[in-house]
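Asker: What follows is the file entry31.txt, containing compact mmCIF, C-alpha atoms:
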```txt
# COMPACT_ATOMS: atom_id res chain seq x y z
CA MET A 1 101.79 96.44 121.09
CA SER A 2 98.27 95.10 121.37
CA PRO A 3 97.29 92.56 124.01
CA ASP A 4 97.08 89.90 121.29
CA GLY A 5 100.50 90.44 119.76
CA PRO A 6 102.63 92.89 117.78
CA ALA A 7 100.92 95.99 116.41
CA ILE A 8 100.10 96.21 112.70
CA ARG A 9 102.75 98.54 111.26
CA VAL A 10 101.15 100.98 108.80
CA LEU A 11 102.81 103.28 106.28
CA LEU A 12 100.63 106.17 105.10
CA ALA A 13 101.11 108.23 101.91
CA GLU A 14 98.86 111.29 101.45
CA ASP A 15 99.86 114.64 99.95
CA GLU A 16 97.24 116.70 101.82
CA GLU A 17 98.74 117.45 105.21
CA VAL A 18 95.44 117.82 107.04
CA ILE A 19 94.18 114.44 105.85
CA ARG A 20 97.56 112.79 106.47
CA GLU A 21 97.69 114.03 110.05
CA ALA A 22 94.05 113.13 110.70
CA LEU A 23 94.52 109.57 109.45
CA THR A 24 97.73 109.20 111.43
CA GLU A 25 95.96 110.29 114.59
CA LEU A 26 92.95 108.06 113.97
CA LEU A 27 95.06 104.95 113.36
CA ALA A 28 97.33 105.74 116.31
CA ARG A 29 94.28 105.45 118.58
CA GLU A 30 93.82 101.82 117.59
CA PRO A 31 95.44 99.55 120.19
CA ASP A 32 96.69 97.09 117.56
CA MET A 33 98.14 99.61 115.09
CA GLU A 34 101.22 101.77 114.73
CA VAL A 35 101.84 104.36 111.99
CA ILE A 36 105.56 103.95 111.33
CA ALA A 37 105.77 106.59 108.58
CA ALA A 38 103.49 109.22 107.02
CA VAL A 39 104.80 110.74 103.79
CA PRO A 40 103.55 113.36 101.29
CA ASP A 41 104.30 111.72 97.93
CA GLY A 42 104.43 108.40 96.14
CA ARG A 43 108.16 108.20 95.62
CA ARG A 44 108.77 108.65 99.34
CA ALA A 45 106.18 105.96 100.01
CA VAL A 46 108.18 103.44 97.98
CA GLU A 47 111.45 104.49 99.61
CA GLU A 48 110.04 104.26 103.14
CA ALA A 49 108.36 100.94 102.40
CA ARG A 50 111.72 99.54 101.29
CA LYS A 51 113.26 100.83 104.50
CA TRP A 52 110.63 99.85 107.07
CA ARG A 53 108.89 96.84 105.47
CA PRO A 54 105.44 97.77 106.86
CA ASP A 55 102.60 95.32 107.34
CA VAL A 56 100.13 97.50 105.38
CA VAL A 57 100.51 100.55 103.12
CA ILE A 58 97.76 103.14 102.61
CA VAL A 59 98.18 105.42 99.57
CA ASP A 60 96.17 108.28 98.13
CA LEU A 61 95.29 107.78 94.48
CA GLU A 62 96.49 111.23 93.38
CA MET A 63 99.92 112.25 94.66
CA PRO A 64 102.98 114.10 93.35
CA ARG A 65 106.08 112.36 91.97
CA LEU A 66 104.36 108.96 91.77
CA ASP A 67 100.60 108.41 91.93
CA GLY A 68 98.82 105.75 93.96
CA LEU A 69 98.64 103.26 91.09
CA GLY A 70 102.36 103.68 90.50
CA VAL A 71 103.04 102.98 94.16
CA VAL A 72 100.86 99.86 94.05
CA THR A 73 102.67 98.59 90.96
CA GLU A 74 106.13 99.14 92.44
CA LEU A 75 105.32 97.69 95.84
CA THR A 76 103.64 94.66 94.29
CA ARG A 77 106.92 94.03 92.50
CA ILE A 78 109.41 94.66 95.33
CA LEU A 79 107.30 93.79 98.40
CA PRO A 80 104.64 91.38 97.11
CA ASN A 81 103.59 90.31 100.60
CA VAL A 82 102.78 93.87 101.74
CA PRO A 83 99.09 94.67 101.04
CA VAL A 84 98.25 98.15 99.73
CA ILE A 85 95.02 100.09 100.30
CA VAL A 86 94.17 102.84 97.80
CA LEU A 87 92.27 105.94 98.98
CA THR A 88 90.19 107.86 96.45
CA GLY A 89 87.30 110.26 96.18
CA HIS A 90 85.74 108.65 93.09
CA GLY A 91 84.60 105.18 92.09
CA ARG A 92 85.70 105.47 88.48
CA PRO A 93 85.47 102.03 86.85
CA VAL A 94 88.78 102.24 84.98
CA ILE A 95 90.66 103.38 88.09
CA LEU A 96 89.05 100.72 90.28
CA ARG A 97 89.93 98.03 87.76
CA LYS A 98 93.48 99.32 87.31
CA ALA A 99 94.01 99.49 91.07
CA LEU A 100 92.90 95.91 91.61
CA MET A 101 94.81 94.64 88.58
CA SER A 102 97.94 96.43 89.83
CA GLY A 103 97.73 94.45 93.05
CA ALA A 104 95.82 96.70 95.46
CA ARG A 105 94.12 94.76 98.24
CA GLY A 106 91.76 97.53 99.30
CA PHE A 107 89.92 100.41 97.63
CA LEU A 108 88.52 102.89 100.14
CA ALA A 109 86.76 106.25 99.98
CA LYS A 110 88.55 109.30 101.32
CA GLY A 111 86.76 110.56 104.38
CA ALA A 112 85.76 107.09 105.55
CA PRO A 113 85.34 106.87 109.34
CA GLY A 114 88.47 105.97 111.26
CA ALA A 115 86.90 102.74 112.48
CA THR A 116 86.26 101.72 108.86
CA VAL A 117 89.83 102.47 107.81
CA ALA A 118 91.15 100.47 110.75
CA ASP A 119 88.84 97.57 109.94
CA VAL A 120 90.03 97.52 106.32
CA VAL A 121 93.66 97.57 107.49
CA ARG A 122 92.96 94.49 109.61
CA ARG A 123 91.13 92.75 106.75
CA VAL A 124 93.86 93.19 104.15
CA ARG A 125 96.53 92.31 106.72
CA ALA A 126 94.65 89.03 107.24
CA GLY A 127 94.65 88.34 103.49
CA SER A 128 91.22 89.60 102.44
CA ARG A 129 90.26 92.18 99.82
CA TYR A 130 87.97 95.14 100.40
CA VAL A 131 86.21 97.49 97.99
CA ASP A 132 84.15 100.31 99.47
CA PRO A 133 80.51 99.49 98.59
CA VAL A 134 79.69 103.12 97.68
CA LEU A 135 82.68 103.31 95.32
CA ALA A 136 81.78 99.93 93.87
CA ALA A 137 78.23 101.14 93.21
CA GLU A 138 79.57 104.29 91.52
CA ALA A 139 81.81 102.15 89.34
CA LEU A 140 78.93 99.88 88.34
CA THR A 141 76.62 102.76 87.45
CA ALA A 142 79.18 105.04 85.80
CA PRO A 143 78.76 105.55 82.05
CA ALA A 144 80.94 103.46 79.79
CA SER A 145 83.64 105.22 77.82
CA PRO A 146 82.48 106.34 74.36
CA LEU A 147 86.06 106.16 73.11
CA THR A 148 87.62 103.27 71.24
CA ALA A 149 90.86 101.83 72.61
CA ARG A 150 92.81 103.67 69.88
CA GLU A 151 91.07 106.98 70.61
CA ALA A 152 91.78 106.61 74.32
CA GLU A 153 95.43 105.89 73.57
CA ILE A 154 95.73 108.98 71.36
CA LEU A 155 93.95 111.25 73.82
CA ALA A 156 96.11 110.07 76.72
CA ALA A 157 99.26 110.69 74.70
CA ALA A 158 98.03 114.07 73.46
CA GLY A 159 97.65 115.64 76.89
CA VAL A 160 96.37 119.20 77.09
CA ASP A 161 98.64 120.80 74.53
CA ARG A 162 101.28 118.43 73.20
CA PRO A 163 102.38 119.42 69.67
CA VAL A 164 100.60 117.40 67.00
CA ARG A 165 103.84 116.68 65.13
CA ASP A 166 105.43 115.16 68.23
CA LEU A 167 102.33 113.10 68.85
CA ALA A 168 102.17 111.93 65.23
CA ARG A 169 105.83 110.86 65.35
CA GLU A 170 105.29 108.82 68.52
CA LEU A 171 102.13 107.15 67.22
CA HIS A 172 103.50 106.58 63.71
CA LEU A 173 100.63 108.52 62.15
CA SER A 174 100.48 111.56 59.90
CA PRO A 175 99.74 114.92 61.54
CA GLY A 176 96.51 115.11 59.54
CA THR A 177 95.34 111.75 60.87
CA VAL A 178 96.11 112.81 64.44
CA ARG A 179 94.10 116.02 63.98
CA ASN A 180 91.18 114.01 62.61
CA TYR A 181 91.30 111.72 65.61
CA LEU A 182 91.38 114.63 68.07
CA THR A 183 88.48 116.34 66.32
CA ALA A 184 86.41 113.14 66.37
CA ILE A 185 87.23 112.59 70.06
CA ALA A 186 86.15 116.12 71.01
CA GLN A 187 82.88 115.63 69.12
CA LYS A 188 82.21 112.31 70.86
CA LEU A 189 82.77 113.85 74.26
CA GLY A 190 80.74 116.96 73.45
CA VAL A 191 83.55 119.40 74.24
CA ARG A 192 85.12 122.28 72.35
CA ASP A 193 88.71 121.18 71.98
CA ARG A 194 91.44 118.72 72.77
CA SER A 195 92.32 120.21 76.18
CA GLU A 196 88.71 119.85 77.38
CA ALA A 197 88.58 116.34 75.95
CA PHE A 198 91.72 115.39 77.85
CA ARG A 199 90.40 116.79 81.14
CA THR A 200 87.06 115.04 80.65
CA GLY A 201 88.78 111.77 79.85
CA ARG A 202 90.93 111.99 82.99
CA GLU A 203 88.03 113.00 85.26
CA GLN A 204 85.89 110.11 84.04
CA GLY A 205 88.73 107.61 84.26
CA TRP A 206 88.58 106.81 80.54
CA ILE A 207 92.29 107.46 79.97
```
Can you present the structure in this file as structure tokens?
Answerer:
Amino acid sequence: MSPDGPAIRVLLAEDEEVIREALTELLAREPDMEVIAAVPDGRRAVEEARKWRPDVVIVDLEMPRLDGLGVVTELTRILPNVPVIVLTGHGRPVILRKALMSGARGFLAKGAPGATVADVVRRVRAGSRYVDPVLAAEALTAPASPLTAREAEILAAAGVDRPVRDLARELHLSPGTVRNYLTAIAQKLGVRDRSEAFRTGREQGWI
């Protein structure tokens, strides 16, 4: 407990053990904070949040079982008064927008100094929002997606190697139309095939 009252109870979700342990240690040094749980995947984060009702949750954007955005969405629904901070290595505009629209109260770069992480925990606990200025700058200067909304939808559904017939059935299109879309998408993105287009779309945050 801090001299000014109860410690801020933090739940941490990060799949990389080294980072998880480092963050746990850094936050444990803060006199007004207590890490009540540190888990390796998103599903566990939701389960432990239900159990412990933390004051603040910190989640990595990319995790197994349930990613950071999924955790934000679920916790916003079941624990709307618990602020969530998303950790990421990239300021991709689509991801930043999705995180904030999902209910995230903070958006912070991985590798941020411990003092910064602690400060953001205090800010969101007090009701403020925080977006890392470097990530915000990346988001503002990142190139806009060259894909139309329909193309992005098709590419996201296509994945790396989903059968065209399955995709056509889901999208209510003919297989030929789906192939034409995938060819046009690859040309727009300047890649050789659908798998490269999908990876590029994911890396850039366009799907």
Asker: So that I can check the surroundings of Val72 (chain A), please list as a PyMOL selection string every protein, DNA and RNA residue that reaches within 12 Å of it, counting all atoms listed in the file and ignoring chain neighbours fewer than 3 positions away.
Answerer: chain A and resi 13+42-43+45-46+49+56-61+66-69+75-87+98-107
Asker: Using all atoms listed in the file, find the one residue out of A:Ala109, A:Val178, A:Leu189, A:Ala28 that sits nearest to Val131 (chain A).
Answerer: A:Ala109
Asker: Could you list, as a PyMOL selection string, every residue within 12 Å of Glu30 (chain A), counting all atoms listed in the file and ignoring same-chain residues fewer than 5 positions away?
Answerer: chain A and resi 1-3+7-10+23-25+35+114-119+121-122
Asker: Could you tell me how far CA of Val160 (chain A) lies from CA of Glu74 (chain A), in Å and to one decimal?
Answerer: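 The value is 27.1 Å.
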Asker: Could you list as a PyMOL selection string every residue that has an atom within 8 Å of (108.2, 105.6, 106.9), using the file's coordinates and counting all atoms listed in the file?
Answerer: chain A and resi 11-12+36-39+45+48-49+51-52
Asker: Mind giving me the straight-line distance from CA of His90 (chain A) to CA of Met63 (chain A) in Å, one decimal?
Answerer: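 Between these atoms lies a distance of 14.7 Å.
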